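Only one structure is covered here, and it is reproduced in the block below.
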Amino acid sequence: MTEKEVAILRIGHRPERDQRVTTHVALTGRALGARGMFLATRDKGVVQSVADVADRWGGNFFCTDDVKWRTCVKEWKASGGKVVHLTMYGINLPDIIGEIRPCEKLLVVVGAEKVPGEMYGLADYNVAVTGQPHSEIASLALFLDRFYDGSEFYSTFPDAKIRIVPSRAGKQTEEL
Ligand code: SAM
């Protein structure tokens, strides 16, 4: 896998109901090649859960809460990055991924509740993972897989305390 700089921006998170889904957005991003997640709400519970996993399973995934989403997007673009907003109203993933794949620095934005209209204009690409409503976790997973073209399956996670030994049957792990 090449060393692309990919981060997630999670907007619209409601601490009272989205903690599990937002944590899964981060963990899915981490497993599939993102470097970290910006969370546009204050929620130390999510930050701690993600840190606990990263501590045990390795790598340097960051999770920063309480970011201002507009500033995050604008600063990302100002530093030369591109912004992909995942939305069912966008261009269907297979029709646009070829244009996005060469980008070296990418911010992938996913919503929770209704996403502010301004986001559609700020994004370099509004990308649909089909034109049907479903889930931010599924959209992110499919997007990252198409972006990395499968190479994310071979990522390594330095300084892990535990590793799975792939087995056809049973559960085998190795403490490091
Ligand atoms: N109803 C909300 C709206 O109109 O913005 C979307 C809610 S949906 C549960 C939460 C997030 O999942 C969306 O903001 C989007 O990032 C992602 N999502 C859901 N379906 C999608 C699709 N077909 N393609 C891309 N992203 C999708």
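To be explicit about the labels: the chains of the structure tokens are called A, B, and onward in the order shown, and within each one the residues are counted from 1, while ligands get numbers from 1 in the order they are shown.
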
> Could you pull out the helix (DSSP H, G or I) residues of stretch 23-163 of chain A from DSSP and send them as a ChimeraX atom specification?
Replying inline: /A:23-31,44-57,69-78,93-100,118-122,136-148,151-154

> Could you pull the residues within 9 Å of stretch 73-87 of chain A, counting only C-alpha atoms, minus those fewer than 3 positions along the same chain, as a ChimeraX atom specification?
Replying inline: /A:5,9,68-70,90-91,100,103-111,119-120,122-129,131,133,136,139-140,143

> What separation in Å, quoted to one decimal, exists between atom CA of A:Asp55 and atom CA of A:Leu32?
Replying inline: 16.8 Å

> Which one of A:Glu99, A:Asp43, A:Asp159, A:Asp149 sits closest to A:Gly12 if you count only C-alpha atoms?
Replying inline: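 Checking each of A:Glu99, A:Asp43, A:Asp159, A:Asp149 against A:Gly12, counting only C-alpha atoms, the winner is A:Asp43.
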
>> When you count only C-alpha atoms and all ligand atoms, which of these residues is closest to ligand 1: A:Leu176, A:Ala7, A:Val165, A:Leu142?
In response: A:Leu142

>> With distances taken over only C-alpha atoms, which residue among A:Gln19, A:Gly33, A:Arg168, A:Thr173 lies nearest A:Gly59?
In response: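 Of the candidates, the smallest distance to A:Gly59 is held by A:Gly33.
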
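Counting only C-alpha atoms and all ligand atoms, the residue from A:Gln48, A:Asn92, A:Thr64, A:Ser151 that sits nearest to ligand 1 is A:Asn92.
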